[in-house]
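In what follows, a structure is listed as structure tokens, so that the remarks can point back to it.
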Amino acid sequence: MKHTIKKEIWIRIAFIFLVVIASGIITTFSMNSIKKYTESTKQATKINSLVLKAEKAHCVWVENLSSAITMGTEFTGSMDYETCALGQWLYNTDPSEIGSDRILSLMEEIKPLHQAVHESAKTVLDLNKKSPEQAKQLYLNTTKANVSELISILDEISSITDEQVLSNEDALINSVTVTELISIASIIIILIVCILLVIYVIKSIVHPIQEITL
């Protein structure tokens with residue numbers, strides 16, 4: 001049975017609504033993806049910045065300790081492993097905010113090493129009062145070695161965050177491109193269907209009416 005004119009018109013209108021709805025769903029999904037990648041990039045950049053600052057701070061810290069035992073200068077570094085910027089990040093960060101199992105694993109690996117580094121300062125300084133040579137050996141073999149290992153792990157975290165940023169940038173570009181293509185395609189399809197609908201109405205309704213009234 002042939003469709004009536006009314007049904008034909010409603011079919012075309014329904015198709016337009018479906019295209020609009022589908023376009024809206026896909027666009028919403030893409031926008032959520034863009035938001036997710038943006039937040040991930042922001043978090044990765046924040047971690048990368050903190051890690052780089054922590055590396056510099058601990059290099060200064062270990063040199064400060066070296067000066068204290070070799071030249072008798074005052075040691076101004078922190079002996080509390082929880083109060084420095086790295087310590088606060090390690091112990092006060094919500095794991096769900098990290099977004100990388102590998103970084104979480106490295107954070108757990110850093111904790112005992114970081115604690116040993118800071119607590120060794122008191123041992124080295126106390127030993128330096130009794131035996132400067134032994135203090136120097138403890139500094140070189142333990143404290144400085146631990147700081148070098150700590151920085152090596154921090155470098156790995158920095159590399160991971162750099163990769164995350166690059167990956168997120170690619171994903172952002174893809175999401176934006178998909179959103180643009182879907183929007184353009186939807187507009188074109190809607191325009192074509194609207195034009196076809198107008199043509200159909202003119203042929204099926206306007207022209208017959210004109211013929212009757214002539």
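The way I read the labels, and the way they are meant: chains A, B, ... in the order of the structure tokens, residue 1 as the first residue of every chain, and ligand 1 as the first ligand shown, with later ones counted on from there.
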Show me a table, sorted first by chain and then by increasing residue number, of the residues of range 32-79 of chain A having an atom at most 9 Å from range 83-101 of chain A, each with its shortest atom pair and the distance in Å to one decimal, counting only C-alpha atoms and written as JSON lines.
```
{"residue": "A:Ser40", "atom": "CA", "partner": "A:Gly99", "partner_atom": "CA", "distance": 7.5}
{"residue": "A:Gln43", "atom": "CA", "partner": "A:Ile98", "partner_atom": "CA", "distance": 7.3}
{"residue": "A:Ala44", "atom": "CA", "partner": "A:Ile98", "partner_atom": "CA", "distance": 8.0}
{"residue": "A:Ile47", "atom": "CA", "partner": "A:Ile98", "partner_atom": "CA", "distance": 8.5}
{"residue": "A:Leu50", "atom": "CA", "partner": "A:Leu86", "partner_atom": "CA", "distance": 7.4}
{"residue": "A:Val51", "atom": "CA", "partner": "A:Leu86", "partner_atom": "CA", "distance": 7.5}
{"residue": "A:Lys53", "atom": "CA", "partner": "A:Ala85", "partner_atom": "CA", "distance": 8.5}
{"residue": "A:Ala54", "atom": "CA", "partner": "A:Leu86", "partner_atom": "CA", "distance": 5.8}
{"residue": "A:Ala57", "atom": "CA", "partner": "A:Ala85", "partner_atom": "CA", "distance": 8.9}
{"residue": "A:Ser78", "atom": "CA", "partner": "A:Cys84", "partner_atom": "CA", "distance": 7.2}
{"residue": "A:Met79", "atom": "CA", "partner": "A:Thr83", "partner_atom": "CA", "distance": 8.8}
```
TODO: Please identify all polymer residues within 9 Å of Cys194 in chain A, counting only C-alpha atoms, omitting same-chain residues fewer than 3 positions from it, and present them as a list in words.
DONE: Arg12, Ile13, Ile16, Ile189, Ile190, Leu191, Leu197, Val198 and Ile199 of chain A
TODO: Could you tell me which of A:Val165, A:Ala145, A:Ile69, A:Ile173 comes closest to Glu133 in chain A if we count only C-alpha atoms?
DONE: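 Checking each candidate against Glu133 in chain A, we get A:Ile69 as the closest.
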Task: Residue set, range 69-116 of chain A restricted to helix (DSSP H, G or I), as a list of chain:residue names - done: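 After running DSSP on the backbone, range 69-116 of chain A has helix (DSSP H, G or I) at A:Ile69, A:Thr70, A:Ala85, A:Leu86, A:Gly87, A:Gln88, A:Trp89, A:Leu90, A:Tyr91, A:Asn92, A:Pro95, A:Ser96, A:Glu97, A:Asp101, A:Arg102, A:Ile103, A:Leu104, A:Ser105, A:Leu106, A:Met107, A:Glu108, A:Glu109, A:Ile110, A:Lys111, A:Pro112, A:Leu113, A:His114, A:Gln115, A:Ala116.
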Task: Contacts of Lys136 in chain A at 10 Å (only C-alpha atoms; same-chain gap of 3+ positions) as a ChimeraX atom specification - done: /A:66,69-70,124-125,127-128,131-133,139-143
Generate a file of the selected residues that holds N, CA and C atoms, formatted as a PDB file, in the first residue's frame.
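In the end it all went to selection.pdb:
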```pdb
ATOM      1  N   SER A  66      76.339  17.882  51.469  1.00  0.00           N
ATOM      2  CA  SER A  66      77.754  17.702  51.142  1.00  0.00           C
ATOM      3  C   SER A  66      78.583  18.870  51.681  1.00  0.00           C
ATOM      4  N   ILE A  69      79.090  18.624  55.530  1.00  0.00           N
ATOM      5  CA  ILE A  69      80.065  17.666  56.075  1.00  0.00           C
ATOM      6  C   ILE A  69      81.487  17.904  55.567  1.00  0.00           C
ATOM      7  N   THR A  70      81.628  18.611  54.482  1.00  0.00           N
ATOM      8  CA  THR A  70      82.978  18.844  53.953  1.00  0.00           C
ATOM      9  C   THR A  70      83.529  20.228  54.304  1.00  0.00           C
ATOM     10  N   VAL A 124      74.148  11.169  59.000  1.00  0.00           N
ATOM     11  CA  VAL A 124      75.401  11.643  58.411  1.00  0.00           C
ATOM     12  C   VAL A 124      75.974  12.800  59.222  1.00  0.00           C
ATOM     13  N   LEU A 125      75.144  13.737  59.607  1.00  0.00           N
ATOM     14  CA  LEU A 125      75.612  14.898  60.371  1.00  0.00           C
ATOM     15  C   LEU A 125      76.103  14.507  61.758  1.00  0.00           C
ATOM     16  N   LEU A 127      77.279  11.527  62.574  1.00  0.00           N
ATOM     17  CA  LEU A 127      78.499  10.759  62.373  1.00  0.00           C
ATOM     18  C   LEU A 127      79.669  11.675  62.020  1.00  0.00           C
ATOM     19  N   ASN A 128      79.375  12.768  61.351  1.00  0.00           N
ATOM     20  CA  ASN A 128      80.423  13.706  60.941  1.00  0.00           C
ATOM     21  C   ASN A 128      81.124  14.344  62.142  1.00  0.00           C
ATOM     22  N   SER A 131      83.361  11.078  63.193  1.00  0.00           N
ATOM     23  CA  SER A 131      84.271  10.560  62.174  1.00  0.00           C
ATOM     24  C   SER A 131      83.900  11.139  60.816  1.00  0.00           C
ATOM     25  N   PRO A 132      84.503  12.257  60.437  1.00  0.00           N
ATOM     26  CA  PRO A 132      84.196  12.897  59.150  1.00  0.00           C
ATOM     27  C   PRO A 132      84.392  11.965  57.952  1.00  0.00           C
ATOM     28  N   GLU A 133      85.387  11.105  58.015  1.00  0.00           N
ATOM     29  CA  GLU A 133      85.648  10.205  56.896  1.00  0.00           C
ATOM     30  C   GLU A 133      84.522   9.179  56.732  1.00  0.00           C
ATOM     31  N   TYR A 139      77.668   9.247  53.233  1.00  0.00           N
ATOM     32  CA  TYR A 139      77.028  10.206  52.334  1.00  0.00           C
ATOM     33  C   TYR A 139      77.122   9.741  50.876  1.00  0.00           C
ATOM     34  N   LEU A 140      78.336   9.347  50.468  1.00  0.00           N
ATOM     35  CA  LEU A 140      78.556   8.946  49.077  1.00  0.00           C
ATOM     36  C   LEU A 140      77.871   7.629  48.742  1.00  0.00           C
ATOM     37  N   ASN A 141      78.017   6.647  49.630  1.00  0.00           N
ATOM     38  CA  ASN A 141      77.536   5.285  49.341  1.00  0.00           C
ATOM     39  C   ASN A 141      76.040   5.091  49.587  1.00  0.00           C
ATOM     40  N   THR A 142      75.497   5.908  50.460  1.00  0.00           N
ATOM     41  CA  THR A 142      74.082   5.718  50.796  1.00  0.00           C
ATOM     42  C   THR A 142      73.212   6.908  50.375  1.00  0.00           C
ATOM     43  N   THR A 143      73.461   8.059  50.996  1.00  0.00           N
ATOM     44  CA  THR A 143      72.590   9.218  50.739  1.00  0.00           C
ATOM     45  C   THR A 143      72.614   9.654  49.278  1.00  0.00           C
TER      46      THR A 143
END
```
Task: CA of Gln115 in chain A to CA of Thr41 in chain A, distance in Å rounded to a single decimal - done: 29.2 Å
Task: Residue among A:Ala116, A:Ala121, A:Ile26, A:Val20 lying closest to Phe75 in chain A, counting only C-alpha atoms - done: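 Under the stated criterion, the closest residue is A:Ala121.
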TODO: Find the distance between CA of Leu106 in chain A and CA of Ile157 in chain A and write it in Å to one decimal.
DONE: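 Distance between the two atoms: 7.4 Å.
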- [ ] May I ask which of the residues A:Ile34, A:Ile25, A:Ala14, A:Leu113 is the closest one to Asp170 in chain A, counting only C-alpha atoms?
- [x]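 Closest residue, counting only C-alpha atoms: A:Ile34.
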TODO: Between CA of Ile188 in chain A and CA of Phe15 in chain A, measure the distance and give it in Å to one decimal.
DONE: 13.3 Å
